[in-house]
Amino acid sequence: MTESQFLQLMDEFHVAQVFKPDGGKIMLTVSNEGATETLTVSEFKNRALETLDELEDRKREAEENRFAVPLAGELPTGENRTLRVEYVKKDEQLTREEEAEKTRLLRSLDAAMARQRMVVGAMNYLQIHFKELQPRFAAREVPPEPGVVRADGVKVRWTKGIKSAALFCLKEGNKPANAGKSALDLCRDFLVTYTIAGEEEYTPEQLCRNMQQILLLDRVG
């Protein structure tokens, strides 16, 4: 796997951040479909391995034709008695529709398994090459939504500057979910999640004043 292939996979897996707290494990922040979670590389890899095991079981069932409607029969049990039983079909007993469904199932499962193997391969690559990749991660950093705190309790570094942070808070204020919040509340929410690079002691009140200045300049303009 090349570095460019690895970084492309990080985008496909919706990995927004990769970091390693002092003395801690390599962590990933994954943002997908409005949900954000932070987990270790090992947890991310183990999740893929568990999914892979499940997919392998499903593939085995498809190969054995367990998805198809079984054949019914009767098994003699003595004294002119029989027991109704069901048999899994052999390949030659499948209908055309079931043959097509088997082909579709196997292709779909193979594709899903290949993707999980890519996850495992990418996590192995990350564990080996983390130090060399660190500068690339810093350049690609995409912060999560406000209110999302990393699992290690450390705030996310906001590297886009104070003005960008104020603009972000203004944008958040326009969302229906934040209709009841004041500008100061929005700034407090922001600084719960983020620490502004180079301005680690920046307060919600200072950020709120920046928001007000931007609004004032807009009105004057």
# chains A, B, ... in the order shown; residues from 1 in each chain; ligands from 1
>>> select_by_dssp(residues="region 21-170 of chain A", states="strand (DSSP E)", output="compact mmCIF listing (two decimals) with C-alpha atoms, in the first residue's frame")
# COMPACT_ATOMS: atom_id res chain seq x y z
CA MET A 27 -6.64 7.45 17.86
CA LEU A 28 -9.06 8.07 15.01
CA THR A 29 -11.97 10.50 14.85
CA VAL A 30 -14.54 9.19 12.38
CA SER A 31 -17.38 11.41 11.13
CA ASN A 32 -20.10 9.78 9.06
CA ALA A 35 -22.36 10.93 13.83
CA THR A 36 -18.83 11.35 15.21
CA GLU A 37 -16.89 8.90 17.34
CA THR A 38 -13.30 8.55 18.51
CA LEU A 39 -11.65 5.17 18.90
CA THR A 40 -8.24 3.56 18.85
CA LEU A 71 -36.74 -29.18 -0.19
CA ALA A 72 -39.24 -31.07 1.94
CA GLY A 73 -39.22 -34.82 2.44
CA GLU A 74 -40.22 -37.61 4.81
CA LEU A 75 -37.90 -39.77 6.83
CA PRO A 76 -39.11 -43.26 7.94
CA THR A 77 -38.94 -43.73 11.70
CA GLY A 78 -40.41 -47.26 11.94
CA ARG A 81 -44.33 -43.66 10.77
CA THR A 82 -42.47 -40.88 9.05
CA LEU A 83 -40.88 -37.61 10.13
CA ARG A 84 -41.19 -34.55 7.91
CA VAL A 85 -37.75 -33.03 7.25
CA GLU A 86 -36.28 -30.26 5.11
CA TYR A 87 -33.14 -30.52 3.00
CA VAL A 156 -9.43 19.46 19.35
CA ARG A 157 -7.01 22.08 18.00
CA TRP A 158 -8.74 24.68 15.81
>>> atom_distance(atom1="CA of Gly173 (chain A)", atom2="CA of Ile196 (chain A)")
19.2 Å
>>> residues_around(residues="region 199-208 of chain A", least_positions_apart="3", cutoff="7 Å", atoms="only C-alpha atoms", output="list in words")
Ala166, Ala183, Leu184, Cys187, Arg188, Leu191, Thr195, Ile196, Met211 and Gln212 of chain A
>>> write_last_selection(atoms="C-alpha atoms", output="tab-separated table (two decimals), in the first residue's frame")
chain	number	residue	atom	x	y	z
A	166	ALA	CA	-16.22	33.44	15.07
A	183	ALA	CA	-24.06	34.26	21.06
A	184	LEU	CA	-22.14	33.71	24.29
A	187	CYS	CA	-19.00	30.51	21.97
A	188	ARG	CA	-18.97	28.46	25.16
A	191	LEU	CA	-14.58	26.26	23.33
A	195	THR	CA	-8.77	25.11	21.65
A	196	ILE	CA	-7.69	27.77	19.15
A	211	MET	CA	-18.71	37.66	16.50
A	212	GLN	CA	-20.27	41.04	17.32
>>> select_by_dssp(residues="region 76-129 of chain A", states="helix (DSSP H, G or I)", output="number ranges by chain")
A: 91-93, 96-129
>>> residues_around(residues="region 47-50 of chain A", least_positions_apart="4", cutoff="12 Å", atoms="only C-alpha atoms", output="ChimeraX atom specification")
/A:13,39-43,54-57,112-123
>>> residues_around(residues="Lys90 (chain A)", least_positions_apart="2", cutoff="12 Å", atoms="only C-alpha atoms", output="PDB file with N, CA and C atoms, in the first residue's frame")
ATOM      1  N   ALA A  62     -24.307 -18.926   1.966  1.00  0.00           N
ATOM      2  CA  ALA A  62     -24.711 -18.755   0.568  1.00  0.00           C
ATOM      3  C   ALA A  62     -24.142 -19.865  -0.302  1.00  0.00           C
ATOM      4  N   GLU A  63     -22.886 -20.227  -0.047  1.00  0.00           N
ATOM      5  CA  GLU A  63     -22.261 -21.306  -0.819  1.00  0.00           C
ATOM      6  C   GLU A  63     -22.983 -22.637  -0.590  1.00  0.00           C
ATOM      7  N   GLU A  64     -23.529 -22.813   0.602  1.00  0.00           N
ATOM      8  CA  GLU A  64     -24.248 -24.049   0.937  1.00  0.00           C
ATOM      9  C   GLU A  64     -25.725 -23.984   0.528  1.00  0.00           C
ATOM     10  N   ASN A  65     -26.127 -22.880  -0.100  1.00  0.00           N
ATOM     11  CA  ASN A  65     -27.502 -22.686  -0.604  1.00  0.00           C
ATOM     12  C   ASN A  65     -28.537 -22.570   0.508  1.00  0.00           C
ATOM     13  N   ARG A  66     -28.128 -22.107   1.680  1.00  0.00           N
ATOM     14  CA  ARG A  66     -29.066 -21.983   2.798  1.00  0.00           C
ATOM     15  C   ARG A  66     -30.045 -20.830   2.623  1.00  0.00           C
ATOM     16  N   PHE A  67     -29.795 -19.948   1.652  1.00  0.00           N
ATOM     17  CA  PHE A  67     -30.701 -18.837   1.373  1.00  0.00           C
ATOM     18  C   PHE A  67     -31.930 -19.306   0.586  1.00  0.00           C
ATOM     19  N   ALA A  68     -31.793 -20.436  -0.111  1.00  0.00           N
ATOM     20  CA  ALA A  68     -32.866 -20.908  -0.996  1.00  0.00           C
ATOM     21  C   ALA A  68     -33.960 -21.641  -0.205  1.00  0.00           C
ATOM     22  N   VAL A  69     -35.152 -21.695  -0.801  1.00  0.00           N
ATOM     23  CA  VAL A  69     -36.257 -22.438  -0.180  1.00  0.00           C
ATOM     24  C   VAL A  69     -35.862 -23.913  -0.106  1.00  0.00           C
ATOM     25  N   PRO A  70     -35.878 -24.516   1.090  1.00  0.00           N
ATOM     26  CA  PRO A  70     -35.426 -25.911   1.211  1.00  0.00           C
ATOM     27  C   PRO A  70     -36.413 -26.896   0.575  1.00  0.00           C
ATOM     28  N   LEU A  71     -35.899 -28.099   0.307  1.00  0.00           N
ATOM     29  CA  LEU A  71     -36.744 -29.181  -0.193  1.00  0.00           C
ATOM     30  C   LEU A  71     -37.341 -29.930   1.001  1.00  0.00           C
ATOM     31  N   TYR A  87     -34.506 -30.345   3.473  1.00  0.00           N
ATOM     32  CA  TYR A  87     -33.139 -30.520   2.998  1.00  0.00           C
ATOM     33  C   TYR A  87     -32.659 -29.243   2.310  1.00  0.00           C
ATOM     34  N   VAL A  88     -31.421 -28.916   2.538  1.00  0.00           N
ATOM     35  CA  VAL A  88     -30.814 -27.805   1.803  1.00  0.00           C
ATOM     36  C   VAL A  88     -30.576 -28.263   0.370  1.00  0.00           C
ATOM     37  N   GLU A  92     -27.435 -28.251  -8.285  1.00  0.00           N
ATOM     38  CA  GLU A  92     -28.230 -28.667  -9.438  1.00  0.00           C
ATOM     39  C   GLU A  92     -29.740 -28.610  -9.163  1.00  0.00           C
ATOM     40  N   GLN A  93     -30.125 -28.397  -7.907  1.00  0.00           N
ATOM     41  CA  GLN A  93     -31.552 -28.333  -7.566  1.00  0.00           C
ATOM     42  C   GLN A  93     -32.069 -26.889  -7.462  1.00  0.00           C
ATOM     43  N   LEU A  94     -31.196 -25.925  -7.618  1.00  0.00           N
ATOM     44  CA  LEU A  94     -31.607 -24.528  -7.543  1.00  0.00           C
ATOM     45  C   LEU A  94     -32.404 -24.131  -8.777  1.00  0.00           C
ATOM     46  N   THR A  95     -33.387 -23.245  -8.563  1.00  0.00           N
ATOM     47  CA  THR A  95     -34.103 -22.693  -9.707  1.00  0.00           C
ATOM     48  C   THR A  95     -33.216 -21.640 -10.371  1.00  0.00           C
ATOM     49  N   GLU A  98     -32.940 -18.719  -8.167  1.00  0.00           N
ATOM     50  CA  GLU A  98     -32.056 -18.953  -7.019  1.00  0.00           C
ATOM     51  C   GLU A  98     -30.596 -18.964  -7.441  1.00  0.00           C
ATOM     52  N   GLU A  99     -30.316 -19.469  -8.634  1.00  0.00           N
ATOM     53  CA  GLU A  99     -28.939 -19.425  -9.143  1.00  0.00           C
ATOM     54  C   GLU A  99     -28.470 -17.982  -9.302  1.00  0.00           C
TER      55      GLU A  99
END
